[in-house]
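Accompanying notes for the structure given below.
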Amino acid sequence: MNFELKEFTNIPNCYHSFNVVNESQFESTCENLIKEMSFFFKRSSFEGLKILNPNPIEKIPQYFSSNNLIYLNVRDGIRESQIIYQLAHEMCHYFMSTGIKNDELKYFEETLCDLSSHFFLRNKPQKIHKVYDDEALMNITEIDLSSSTSYDRYNREQNTYIAKLLLPIFEKNPSLWSEVPKLANIEASTIGKLLDLWKNKATSEHKKAIQEIQNIFK
């Protein structure tokens, strides 16, 4: 893997409160997270994967499946929590390869990748990562969910609300992450049909957890 770090501004006297890591720790933070995620997603090969920071195209993290390229966008000092939050999201896209086929259901992919950020932050032993994540989940507005409705792919508040509902299911069944890449090979017109087909493809030990996800979409 290739790592590149540019254009960072250190924040004097804030290293403890912001959990800042220095340039030499950037690679190890990425490597450690990737190793952890590979265990859950059951993926061991990362040939050709590149992780670059910051994003020279847009001021957002992005994954480009065509060339296995992840851009992060961590700028105001190098906060480990922010690296984990961004990279866990983009790595989830990476593990799903080309992603969910139906564009109208891409919001569920974005939701799972948002969930990945929350899950892997909270999976770290350091309390500061949970504090960072609690702030992200706080005051999320509740919405009504339907198995036949399409939602906006990039509505962050909506996706985070759904991720908040999914989080306890994945925390109770962490091996469910190994089933997530199977979503990329499913043709479905609604979230209800997508989840039905996903459950059919899943191993027996994960069918109950996917049923719990189905119950969220009334």
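Following the order of the structure tokens, chains are lettered A, B, ..., residues in each are numbered from 1, and ligands are numbered from 1.
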
For region 88-102 of chain A: contacts at 10 Å, only C-alpha atoms, fewer than 5 positions along chain excluded, given as a PyMOL selection string
chain A and resi 30+33-34+37-38+41-43+46+49+51+61-66+68-72+82-83+107-121+177-191+194

Output for the residues just chosen: C-alpha atoms as a PDB file, in the first residue's frame:
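Once written, again.pdb looks like this:
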ATOM      1  CA  CYS A  30      -4.236   3.129   8.689  1.00  0.00           C
ATOM      2  CA  LEU A  33      -7.480  -0.269  11.142  1.00  0.00           C
ATOM      3  CA  ILE A  34      -7.180  -2.186   7.866  1.00  0.00           C
ATOM      4  CA  MET A  37     -11.403  -4.569   9.381  1.00  0.00           C
ATOM      5  CA  SER A  38      -9.924  -7.406   7.325  1.00  0.00           C
ATOM      6  CA  PHE A  41     -14.802  -8.639   6.551  1.00  0.00           C
ATOM      7  CA  LYS A  42     -12.805 -11.848   5.992  1.00  0.00           C
ATOM      8  CA  ARG A  43     -10.520 -10.209   3.433  1.00  0.00           C
ATOM      9  CA  PHE A  46      -5.091  -5.580  -0.479  1.00  0.00           C
ATOM     10  CA  LEU A  49      -4.775  -0.338  -2.600  1.00  0.00           C
ATOM     11  CA  ILE A  51      -4.546   5.659   0.613  1.00  0.00           C
ATOM     12  CA  PRO A  61     -13.007  11.492   1.653  1.00  0.00           C
ATOM     13  CA  GLN A  62     -13.595   9.378  -1.472  1.00  0.00           C
ATOM     14  CA  TYR A  63     -13.122   5.843  -2.776  1.00  0.00           C
ATOM     15  CA  PHE A  64     -12.502   5.146  -6.467  1.00  0.00           C
ATOM     16  CA  SER A  65     -13.117   1.472  -7.252  1.00  0.00           C
ATOM     17  CA  SER A  66     -11.622   1.774 -10.753  1.00  0.00           C
ATOM     18  CA  ASN A  68      -8.412   1.033  -5.734  1.00  0.00           C
ATOM     19  CA  LEU A  69      -7.741   4.544  -4.494  1.00  0.00           C
ATOM     20  CA  ILE A  70      -8.918   6.051  -1.219  1.00  0.00           C
ATOM     21  CA  TYR A  71      -8.567   9.756  -0.529  1.00  0.00           C
ATOM     22  CA  LEU A  72      -8.864  10.967   3.053  1.00  0.00           C
ATOM     23  CA  GLN A  82     -10.837  11.420  12.308  1.00  0.00           C
ATOM     24  CA  ILE A  83      -8.523   9.127  10.344  1.00  0.00           C
ATOM     25  CA  TYR A 107     -28.256   5.030   0.349  1.00  0.00           C
ATOM     26  CA  PHE A 108     -28.121   1.666   2.140  1.00  0.00           C
ATOM     27  CA  GLU A 109     -24.506   1.241   1.084  1.00  0.00           C
ATOM     28  CA  GLU A 110     -23.725   4.733   2.363  1.00  0.00           C
ATOM     29  CA  THR A 111     -25.545   3.877   5.580  1.00  0.00           C
ATOM     30  CA  LEU A 112     -23.485   0.708   6.081  1.00  0.00           C
ATOM     31  CA  CYS A 113     -20.278   2.642   5.445  1.00  0.00           C
ATOM     32  CA  ASP A 114     -21.413   5.305   7.913  1.00  0.00           C
ATOM     33  CA  LEU A 115     -22.109   2.474  10.341  1.00  0.00           C
ATOM     34  CA  SER A 116     -18.596   1.143   9.707  1.00  0.00           C
ATOM     35  CA  SER A 117     -17.160   4.449  10.943  1.00  0.00           C
ATOM     36  CA  HIS A 118     -19.164   4.297  14.161  1.00  0.00           C
ATOM     37  CA  PHE A 119     -18.565   0.591  14.749  1.00  0.00           C
ATOM     38  CA  PHE A 120     -14.792   0.648  14.337  1.00  0.00           C
ATOM     39  CA  LEU A 121     -14.369   3.859  16.328  1.00  0.00           C
ATOM     40  CA  TRP A 177     -19.632  -7.662   8.500  1.00  0.00           C
ATOM     41  CA  SER A 178     -18.461 -10.718   6.558  1.00  0.00           C
ATOM     42  CA  GLU A 179     -21.868 -10.800   4.826  1.00  0.00           C
ATOM     43  CA  VAL A 180     -21.824  -7.142   3.725  1.00  0.00           C
ATOM     44  CA  PRO A 181     -19.770  -7.666   0.500  1.00  0.00           C
ATOM     45  CA  LYS A 182     -22.490 -10.041  -0.757  1.00  0.00           C
ATOM     46  CA  LEU A 183     -24.809  -7.051  -1.201  1.00  0.00           C
ATOM     47  CA  ALA A 184     -22.782  -5.985  -4.250  1.00  0.00           C
ATOM     48  CA  ASN A 185     -23.945  -8.997  -6.262  1.00  0.00           C
ATOM     49  CA  ILE A 186     -27.680  -8.597  -5.673  1.00  0.00           C
ATOM     50  CA  GLU A 187     -30.188  -7.196  -8.162  1.00  0.00           C
ATOM     51  CA  ALA A 188     -33.172  -5.683  -6.318  1.00  0.00           C
ATOM     52  CA  SER A 189     -35.677  -2.888  -6.866  1.00  0.00           C
ATOM     53  CA  THR A 190     -36.522  -2.087  -3.215  1.00  0.00           C
ATOM     54  CA  ILE A 191     -34.737  -2.268   0.129  1.00  0.00           C
ATOM     55  CA  LEU A 194     -32.561  -6.411  -1.273  1.00  0.00           C
TER      56      LEU A 194
END

State, in Å with one decimal place, the distance from CA of Lys164 (chain A) to CA of Ser28 (chain A).
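Rounded to one decimal, the two atoms are 28.3 Å apart.
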
Within region 84-116 of chain A, find each residue whose DSSP state, derived from the backbone, is helix (DSSP H, G or I), and express the selection as a PDB file with all heavy atoms, in the first residue's frame.
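File written: out_10.pdb
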ATOM      1  N   ILE A  84      -9.591   7.298  11.548  1.00  0.00           N
ATOM      2  CA  ILE A  84     -10.355   6.061  11.678  1.00  0.00           C
ATOM      3  C   ILE A  84     -11.765   6.246  11.136  1.00  0.00           C
ATOM      4  O   ILE A  84     -12.280   5.400  10.394  1.00  0.00           O
ATOM      5  CB  ILE A  84     -10.400   5.598  13.151  1.00  0.00           C
ATOM      6  CG1 ILE A  84      -8.993   5.224  13.628  1.00  0.00           C
ATOM      7  CG2 ILE A  84     -11.361   4.424  13.332  1.00  0.00           C
ATOM      8  CD1 ILE A  84      -8.882   5.022  15.123  1.00  0.00           C
ATOM      9  N   TYR A  85     -12.384   7.370  11.485  1.00  0.00           N
ATOM     10  CA  TYR A  85     -13.764   7.628  11.050  1.00  0.00           C
ATOM     11  C   TYR A  85     -13.858   7.661   9.526  1.00  0.00           C
ATOM     12  O   TYR A  85     -14.740   7.028   8.932  1.00  0.00           O
ATOM     13  CB  TYR A  85     -14.235   8.967  11.643  1.00  0.00           C
ATOM     14  CG  TYR A  85     -15.719   9.222  11.474  1.00  0.00           C
ATOM     15  CD1 TYR A  85     -16.634   8.750  12.412  1.00  0.00           C
ATOM     16  CD2 TYR A  85     -16.205   9.934  10.377  1.00  0.00           C
ATOM     17  CE1 TYR A  85     -17.984   8.981  12.269  1.00  0.00           C
ATOM     18  CE2 TYR A  85     -17.563  10.164  10.225  1.00  0.00           C
ATOM     19  CZ  TYR A  85     -18.445   9.686  11.181  1.00  0.00           C
ATOM     20  OH  TYR A  85     -19.796   9.912  11.030  1.00  0.00           O
ATOM     21  N   GLN A  86     -12.952   8.372   8.893  1.00  0.00           N
ATOM     22  CA  GLN A  86     -12.988   8.492   7.433  1.00  0.00           C
ATOM     23  C   GLN A  86     -12.572   7.194   6.746  1.00  0.00           C
ATOM     24  O   GLN A  86     -13.217   6.735   5.794  1.00  0.00           O
ATOM     25  CB  GLN A  86     -12.084   9.644   6.972  1.00  0.00           C
ATOM     26  CG  GLN A  86     -12.592  11.012   7.364  1.00  0.00           C
ATOM     27  CD  GLN A  86     -11.750  12.130   6.768  1.00  0.00           C
ATOM     28  OE1 GLN A  86     -10.932  11.914   5.869  1.00  0.00           O
ATOM     29  NE2 GLN A  86     -11.945  13.346   7.267  1.00  0.00           N
ATOM     30  N   LEU A  87     -11.485   6.590   7.221  1.00  0.00           N
ATOM     31  CA  LEU A  87     -10.965   5.408   6.543  1.00  0.00           C
ATOM     32  C   LEU A  87     -11.902   4.207   6.701  1.00  0.00           C
ATOM     33  O   LEU A  87     -12.069   3.425   5.756  1.00  0.00           O
ATOM     34  CB  LEU A  87      -9.573   5.061   7.076  1.00  0.00           C
ATOM     35  CG  LEU A  87      -8.872   3.881   6.388  1.00  0.00           C
ATOM     36  CD1 LEU A  87      -8.763   4.098   4.877  1.00  0.00           C
ATOM     37  CD2 LEU A  87      -7.482   3.661   6.993  1.00  0.00           C
ATOM     38  N   ALA A  88     -12.537   4.054   7.855  1.00  0.00           N
ATOM     39  CA  ALA A  88     -13.466   2.937   8.052  1.00  0.00           C
ATOM     40  C   ALA A  88     -14.630   3.037   7.072  1.00  0.00           C
ATOM     41  O   ALA A  88     -15.107   2.024   6.548  1.00  0.00           O
ATOM     42  CB  ALA A  88     -13.984   2.918   9.487  1.00  0.00           C
ATOM     43  N   HIS A  89     -15.075   4.246   6.800  1.00  0.00           N
ATOM     44  CA  HIS A  89     -16.157   4.458   5.825  1.00  0.00           C
ATOM     45  C   HIS A  89     -15.709   4.058   4.427  1.00  0.00           C
ATOM     46  O   HIS A  89     -16.373   3.271   3.741  1.00  0.00           O
ATOM     47  CB  HIS A  89     -16.587   5.929   5.848  1.00  0.00           C
ATOM     48  CG  HIS A  89     -17.708   6.242   4.909  1.00  0.00           C
ATOM     49  ND1 HIS A  89     -18.973   6.561   5.345  1.00  0.00           N
ATOM     50  CD2 HIS A  89     -17.762   6.287   3.545  1.00  0.00           C
ATOM     51  CE1 HIS A  89     -19.767   6.787   4.298  1.00  0.00           C
ATOM     52  NE2 HIS A  89     -19.042   6.638   3.191  1.00  0.00           N
ATOM     53  N   GLU A  90     -14.559   4.571   4.005  1.00  0.00           N
ATOM     54  CA  GLU A  90     -14.097   4.310   2.635  1.00  0.00           C
ATOM     55  C   GLU A  90     -13.666   2.855   2.453  1.00  0.00           C
ATOM     56  O   GLU A  90     -13.849   2.276   1.381  1.00  0.00           O
ATOM     57  CB  GLU A  90     -12.960   5.267   2.267  1.00  0.00           C
ATOM     58  CG  GLU A  90     -13.312   6.753   2.373  1.00  0.00           C
ATOM     59  CD  GLU A  90     -14.590   7.128   1.631  1.00  0.00           C
ATOM     60  OE1 GLU A  90     -14.878   6.536   0.568  1.00  0.00           O
ATOM     61  OE2 GLU A  90     -15.315   8.025   2.123  1.00  0.00           O
ATOM     62  N   MET A  91     -13.117   2.249   3.495  1.00  0.00           N
ATOM     63  CA  MET A  91     -12.745   0.838   3.396  1.00  0.00           C
ATOM     64  C   MET A  91     -13.972  -0.050   3.260  1.00  0.00           C
ATOM     65  O   MET A  91     -13.929  -1.099   2.611  1.00  0.00           O
ATOM     66  CB  MET A  91     -11.926   0.414   4.618  1.00  0.00           C
ATOM     67  CG  MET A  91     -10.471   0.852   4.604  1.00  0.00           C
ATOM     68  SD  MET A  91      -9.508   0.199   3.209  1.00  0.00           S
ATOM     69  CE  MET A  91      -9.620  -1.572   3.498  1.00  0.00           C
ATOM     70  N   CYS A  92     -15.081   0.353   3.857  1.00  0.00           N
ATOM     71  CA  CYS A  92     -16.327  -0.400   3.695  1.00  0.00           C
ATOM     72  C   CYS A  92     -16.746  -0.398   2.224  1.00  0.00           C
ATOM     73  O   CYS A  92     -17.150  -1.438   1.681  1.00  0.00           O
ATOM     74  CB  CYS A  92     -17.417   0.195   4.581  1.00  0.00           C
ATOM     75  SG  CYS A  92     -18.996  -0.670   4.498  1.00  0.00           S
ATOM     76  N   HIS A  93     -16.638   0.767   1.561  1.00  0.00           N
ATOM     77  CA  HIS A  93     -16.895   0.827   0.113  1.00  0.00           C
ATOM     78  C   HIS A  93     -15.932  -0.111  -0.630  1.00  0.00           C
ATOM     79  O   HIS A  93     -16.330  -0.816  -1.557  1.00  0.00           O
ATOM     80  CB  HIS A  93     -16.709   2.250  -0.417  1.00  0.00           C
ATOM     81  CG  HIS A  93     -17.832   3.181  -0.091  1.00  0.00           C
ATOM     82  ND1 HIS A  93     -19.128   2.954  -0.490  1.00  0.00           N
ATOM     83  CD2 HIS A  93     -17.848   4.372   0.585  1.00  0.00           C
ATOM     84  CE1 HIS A  93     -19.900   3.951  -0.084  1.00  0.00           C
ATOM     85  NE2 HIS A  93     -19.139   4.808   0.572  1.00  0.00           N
ATOM     86  N   TYR A  94     -14.675  -0.097  -0.207  1.00  0.00           N
ATOM     87  CA  TYR A  94     -13.665  -0.949  -0.843  1.00  0.00           C
ATOM     88  C   TYR A  94     -14.035  -2.422  -0.722  1.00  0.00           C
ATOM     89  O   TYR A  94     -13.961  -3.179  -1.697  1.00  0.00           O
ATOM     90  CB  TYR A  94     -12.304  -0.680  -0.199  1.00  0.00           C
ATOM     91  CG  TYR A  94     -11.214  -1.639  -0.611  1.00  0.00           C
ATOM     92  CD1 TYR A  94     -10.557  -1.498  -1.832  1.00  0.00           C
ATOM     93  CD2 TYR A  94     -10.841  -2.695   0.223  1.00  0.00           C
ATOM     94  CE1 TYR A  94      -9.549  -2.383  -2.210  1.00  0.00           C
ATOM     95  CE2 TYR A  94      -9.841  -3.572  -0.145  1.00  0.00           C
ATOM     96  CZ  TYR A  94      -9.200  -3.420  -1.366  1.00  0.00           C
ATOM     97  OH  TYR A  94      -8.219  -4.302  -1.728  1.00  0.00           O
ATOM     98  N   PHE A  95     -14.450  -2.842   0.457  1.00  0.00           N
ATOM     99  CA  PHE A  95     -14.814  -4.240   0.664  1.00  0.00           C
ATOM    100  C   PHE A  95     -16.053  -4.630  -0.150  1.00  0.00           C
ATOM    101  O   PHE A  95     -16.227  -5.789  -0.504  1.00  0.00           O
ATOM    102  CB  PHE A  95     -15.062  -4.519   2.148  1.00  0.00           C
ATOM    103  CG  PHE A  95     -13.811  -4.577   2.976  1.00  0.00           C
ATOM    104  CD1 PHE A  95     -13.642  -3.735   4.059  1.00  0.00           C
ATOM    105  CD2 PHE A  95     -12.810  -5.488   2.686  1.00  0.00           C
ATOM    106  CE1 PHE A  95     -12.489  -3.786   4.832  1.00  0.00           C
ATOM    107  CE2 PHE A  95     -11.649  -5.556   3.458  1.00  0.00           C
ATOM    108  CZ  PHE A  95     -11.494  -4.702   4.530  1.00  0.00           C
ATOM    109  N   ASP A 103     -29.022   2.203  -8.120  1.00  0.00           N
ATOM    110  CA  ASP A 103     -28.682   3.539  -7.622  1.00  0.00           C
ATOM    111  C   ASP A 103     -29.666   4.033  -6.562  1.00  0.00           C
ATOM    112  O   ASP A 103     -29.296   4.791  -5.667  1.00  0.00           O
ATOM    113  CB  ASP A 103     -28.649   4.546  -8.783  1.00  0.00           C
ATOM    114  CG  ASP A 103     -27.394   4.398  -9.632  1.00  0.00           C
ATOM    115  OD1 ASP A 103     -26.447   3.732  -9.161  1.00  0.00           O
ATOM    116  OD2 ASP A 103     -27.375   4.928 -10.757  1.00  0.00           O
ATOM    117  N   GLU A 104     -30.934   3.609  -6.673  1.00  0.00           N
ATOM    118  CA  GLU A 104     -31.941   4.048  -5.705  1.00  0.00           C
ATOM    119  C   GLU A 104     -31.740   3.413  -4.332  1.00  0.00           C
ATOM    120  O   GLU A 104     -32.336   3.846  -3.349  1.00  0.00           O
ATOM    121  CB  GLU A 104     -33.342   3.738  -6.226  1.00  0.00           C
ATOM    122  CG  GLU A 104     -33.729   4.566  -7.451  1.00  0.00           C
ATOM    123  CD  GLU A 104     -35.174   4.381  -7.839  1.00  0.00           C
ATOM    124  OE1 GLU A 104     -35.855   3.526  -7.229  1.00  0.00           O
ATOM    125  OE2 GLU A 104     -35.637   5.096  -8.739  1.00  0.00           O
ATOM    126  N   LEU A 105     -30.890   2.385  -4.271  1.00  0.00           N
ATOM    127  CA  LEU A 105     -30.600   1.721  -2.996  1.00  0.00           C
ATOM    128  C   LEU A 105     -29.181   2.007  -2.502  1.00  0.00           C
ATOM    129  O   LEU A 105     -28.742   1.448  -1.507  1.00  0.00           O
ATOM    130  CB  LEU A 105     -30.801   0.213  -3.132  1.00  0.00           C
ATOM    131  CG  LEU A 105     -32.213  -0.242  -3.506  1.00  0.00           C
ATOM    132  CD1 LEU A 105     -32.263  -1.760  -3.664  1.00  0.00           C
ATOM    133  CD2 LEU A 105     -33.230   0.208  -2.466  1.00  0.00           C
ATOM    134  N   LYS A 106     -28.492   2.902  -3.204  1.00  0.00           N
ATOM    135  CA  LYS A 106     -27.130   3.252  -2.804  1.00  0.00           C
ATOM    136  C   LYS A 106     -27.092   3.882  -1.414  1.00  0.00           C
ATOM    137  O   LYS A 106     -26.061   3.854  -0.736  1.00  0.00           O
ATOM    138  CB  LYS A 106     -26.514   4.225  -3.822  1.00  0.00           C
ATOM    139  CG  LYS A 106     -26.093   3.587  -5.135  1.00  0.00           C
ATOM    140  CD  LYS A 106     -24.829   2.765  -4.995  1.00  0.00           C
ATOM    141  CE  LYS A 106     -24.289   2.316  -6.341  1.00  0.00           C
ATOM    142  NZ  LYS A 106     -23.076   1.484  -6.196  1.00  0.00           N
ATOM    143  N   TYR A 107     -28.225   4.434  -0.987  1.00  0.00           N
ATOM    144  CA  TYR A 107     -28.256   5.030   0.349  1.00  0.00           C
ATOM    145  C   TYR A 107     -27.973   3.973   1.424  1.00  0.00           C
ATOM    146  O   TYR A 107     -27.398   4.282   2.475  1.00  0.00           O
ATOM    147  CB  TYR A 107     -29.610   5.705   0.621  1.00  0.00           C
ATOM    148  CG  TYR A 107     -30.728   4.745   0.929  1.00  0.00           C
ATOM    149  CD1 TYR A 107     -30.984   4.337   2.231  1.00  0.00           C
ATOM    150  CD2 TYR A 107     -31.536   4.230  -0.082  1.00  0.00           C
ATOM    151  CE1 TYR A 107     -32.005   3.444   2.519  1.00  0.00           C
ATOM    152  CE2 TYR A 107     -32.555   3.347   0.184  1.00  0.00           C
ATOM    153  CZ  TYR A 107     -32.782   2.947   1.491  1.00  0.00           C
ATOM    154  OH  TYR A 107     -33.794   2.064   1.765  1.00  0.00           O
ATOM    155  N   PHE A 108     -28.369   2.725   1.155  1.00  0.00           N
ATOM    156  CA  PHE A 108     -28.121   1.666   2.140  1.00  0.00           C
ATOM    157  C   PHE A 108     -26.631   1.342   2.209  1.00  0.00           C
ATOM    158  O   PHE A 108     -26.099   1.059   3.290  1.00  0.00           O
ATOM    159  CB  PHE A 108     -28.934   0.418   1.807  1.00  0.00           C
ATOM    160  CG  PHE A 108     -28.902  -0.612   2.906  1.00  0.00           C
ATOM    161  CD1 PHE A 108     -29.418  -0.328   4.166  1.00  0.00           C
ATOM    162  CD2 PHE A 108     -28.343  -1.868   2.694  1.00  0.00           C
ATOM    163  CE1 PHE A 108     -29.381  -1.282   5.192  1.00  0.00           C
ATOM    164  CE2 PHE A 108     -28.301  -2.823   3.708  1.00  0.00           C
ATOM    165  CZ  PHE A 108     -28.821  -2.527   4.959  1.00  0.00           C
ATOM    166  N   GLU A 109     -25.956   1.411   1.075  1.00  0.00           N
ATOM    167  CA  GLU A 109     -24.506   1.241   1.084  1.00  0.00           C
ATOM    168  C   GLU A 109     -23.841   2.364   1.877  1.00  0.00           C
ATOM    169  O   GLU A 109     -22.953   2.125   2.702  1.00  0.00           O
ATOM    170  CB  GLU A 109     -23.951   1.211  -0.341  1.00  0.00           C
ATOM    171  CG  GLU A 109     -22.440   1.066  -0.398  1.00  0.00           C
ATOM    172  CD  GLU A 109     -21.896   1.002  -1.817  1.00  0.00           C
ATOM    173  OE1 GLU A 109     -22.669   0.740  -2.757  1.00  0.00           O
ATOM    174  OE2 GLU A 109     -20.678   1.212  -1.983  1.00  0.00           O
ATOM    175  N   GLU A 110     -24.289   3.607   1.622  1.00  0.00           N
ATOM    176  CA  GLU A 110     -23.725   4.733   2.363  1.00  0.00           C
ATOM    177  C   GLU A 110     -24.009   4.602   3.860  1.00  0.00           C
ATOM    178  O   GLU A 110     -23.171   4.941   4.701  1.00  0.00           O
ATOM    179  CB  GLU A 110     -24.309   6.054   1.842  1.00  0.00           C
ATOM    180  CG  GLU A 110     -23.857   6.436   0.442  1.00  0.00           C
ATOM    181  CD  GLU A 110     -22.360   6.659   0.343  1.00  0.00           C
ATOM    182  OE1 GLU A 110     -21.729   7.038   1.355  1.00  0.00           O
ATOM    183  OE2 GLU A 110     -21.804   6.437  -0.748  1.00  0.00           O
ATOM    184  N   THR A 111     -25.183   4.082   4.182  1.00  0.00           N
ATOM    185  CA  THR A 111     -25.545   3.877   5.580  1.00  0.00           C
ATOM    186  C   THR A 111     -24.629   2.848   6.238  1.00  0.00           C
ATOM    187  O   THR A 111     -24.149   3.044   7.358  1.00  0.00           O
ATOM    188  CB  THR A 111     -27.007   3.412   5.688  1.00  0.00           C
ATOM    189  OG1 THR A 111     -27.873   4.474   5.266  1.00  0.00           O
ATOM    190  CG2 THR A 111     -27.365   3.037   7.117  1.00  0.00           C
ATOM    191  N   LEU A 112     -24.376   1.738   5.539  1.00  0.00           N
ATOM    192  CA  LEU A 112     -23.485   0.708   6.081  1.00  0.00           C
ATOM    193  C   LEU A 112     -22.067   1.237   6.260  1.00  0.00           C
ATOM    194  O   LEU A 112     -21.382   0.897   7.233  1.00  0.00           O
ATOM    195  CB  LEU A 112     -23.480  -0.518   5.166  1.00  0.00           C
ATOM    196  CG  LEU A 112     -24.749  -1.374   5.186  1.00  0.00           C
ATOM    197  CD1 LEU A 112     -24.689  -2.419   4.085  1.00  0.00           C
ATOM    198  CD2 LEU A 112     -24.947  -2.041   6.546  1.00  0.00           C
ATOM    199  N   CYS A 113     -21.627   2.079   5.331  1.00  0.00           N
ATOM    200  CA  CYS A 113     -20.278   2.642   5.445  1.00  0.00           C
ATOM    201  C   CYS A 113     -20.213   3.684   6.556  1.00  0.00           C
ATOM    202  O   CYS A 113     -19.182   3.816   7.239  1.00  0.00           O
ATOM    203  CB  CYS A 113     -19.844   3.218   4.096  1.00  0.00           C
ATOM    204  SG  CYS A 113     -19.612   1.939   2.838  1.00  0.00           S
ATOM    205  N   ASP A 114     -21.319   4.405   6.762  1.00  0.00           N
ATOM    206  CA  ASP A 114     -21.413   5.305   7.913  1.00  0.00           C
ATOM    207  C   ASP A 114     -21.371   4.477   9.194  1.00  0.00           C
ATOM    208  O   ASP A 114     -20.666   4.818  10.156  1.00  0.00           O
ATOM    209  CB  ASP A 114     -22.715   6.106   7.818  1.00  0.00           C
ATOM    210  CG  ASP A 114     -22.774   7.253   8.812  1.00  0.00           C
ATOM    211  OD1 ASP A 114     -21.711   7.704   9.272  1.00  0.00           O
ATOM    212  OD2 ASP A 114     -23.889   7.703   9.129  1.00  0.00           O
ATOM    213  N   LEU A 115     -22.111   3.385   9.200  1.00  0.00           N
ATOM    214  CA  LEU A 115     -22.109   2.474  10.341  1.00  0.00           C
ATOM    215  C   LEU A 115     -20.704   1.943  10.614  1.00  0.00           C
ATOM    216  O   LEU A 115     -20.288   1.819  11.774  1.00  0.00           O
ATOM    217  CB  LEU A 115     -23.059   1.308  10.056  1.00  0.00           C
ATOM    218  CG  LEU A 115     -23.031   0.137  11.039  1.00  0.00           C
ATOM    219  CD1 LEU A 115     -23.497   0.579  12.416  1.00  0.00           C
ATOM    220  CD2 LEU A 115     -23.883  -1.010  10.519  1.00  0.00           C
ATOM    221  N   SER A 116     -19.965   1.638   9.558  1.00  0.00           N
ATOM    222  CA  SER A 116     -18.596   1.143   9.707  1.00  0.00           C
ATOM    223  C   SER A 116     -17.743   2.136  10.498  1.00  0.00           C
ATOM    224  O   SER A 116     -16.966   1.747  11.378  1.00  0.00           O
ATOM    225  CB  SER A 116     -17.991   0.894   8.324  1.00  0.00           C
ATOM    226  OG  SER A 116     -16.647   0.476   8.415  1.00  0.00           O
TER     227      SER A 116
END

Grab the CA of Lys50 (chain A) to CA of Asn32 (chain A) distance for me, in Å with one decimal place.
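Between CA of Lys50 (chain A) and CA of Asn32 (chain A) the gap works out to 15.1 Å.
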
DSSP strand (DSSP E or B) residues within region 25-95 of chain A, as number ranges by chain
A: 50-53, 62-64, 69-71, 79
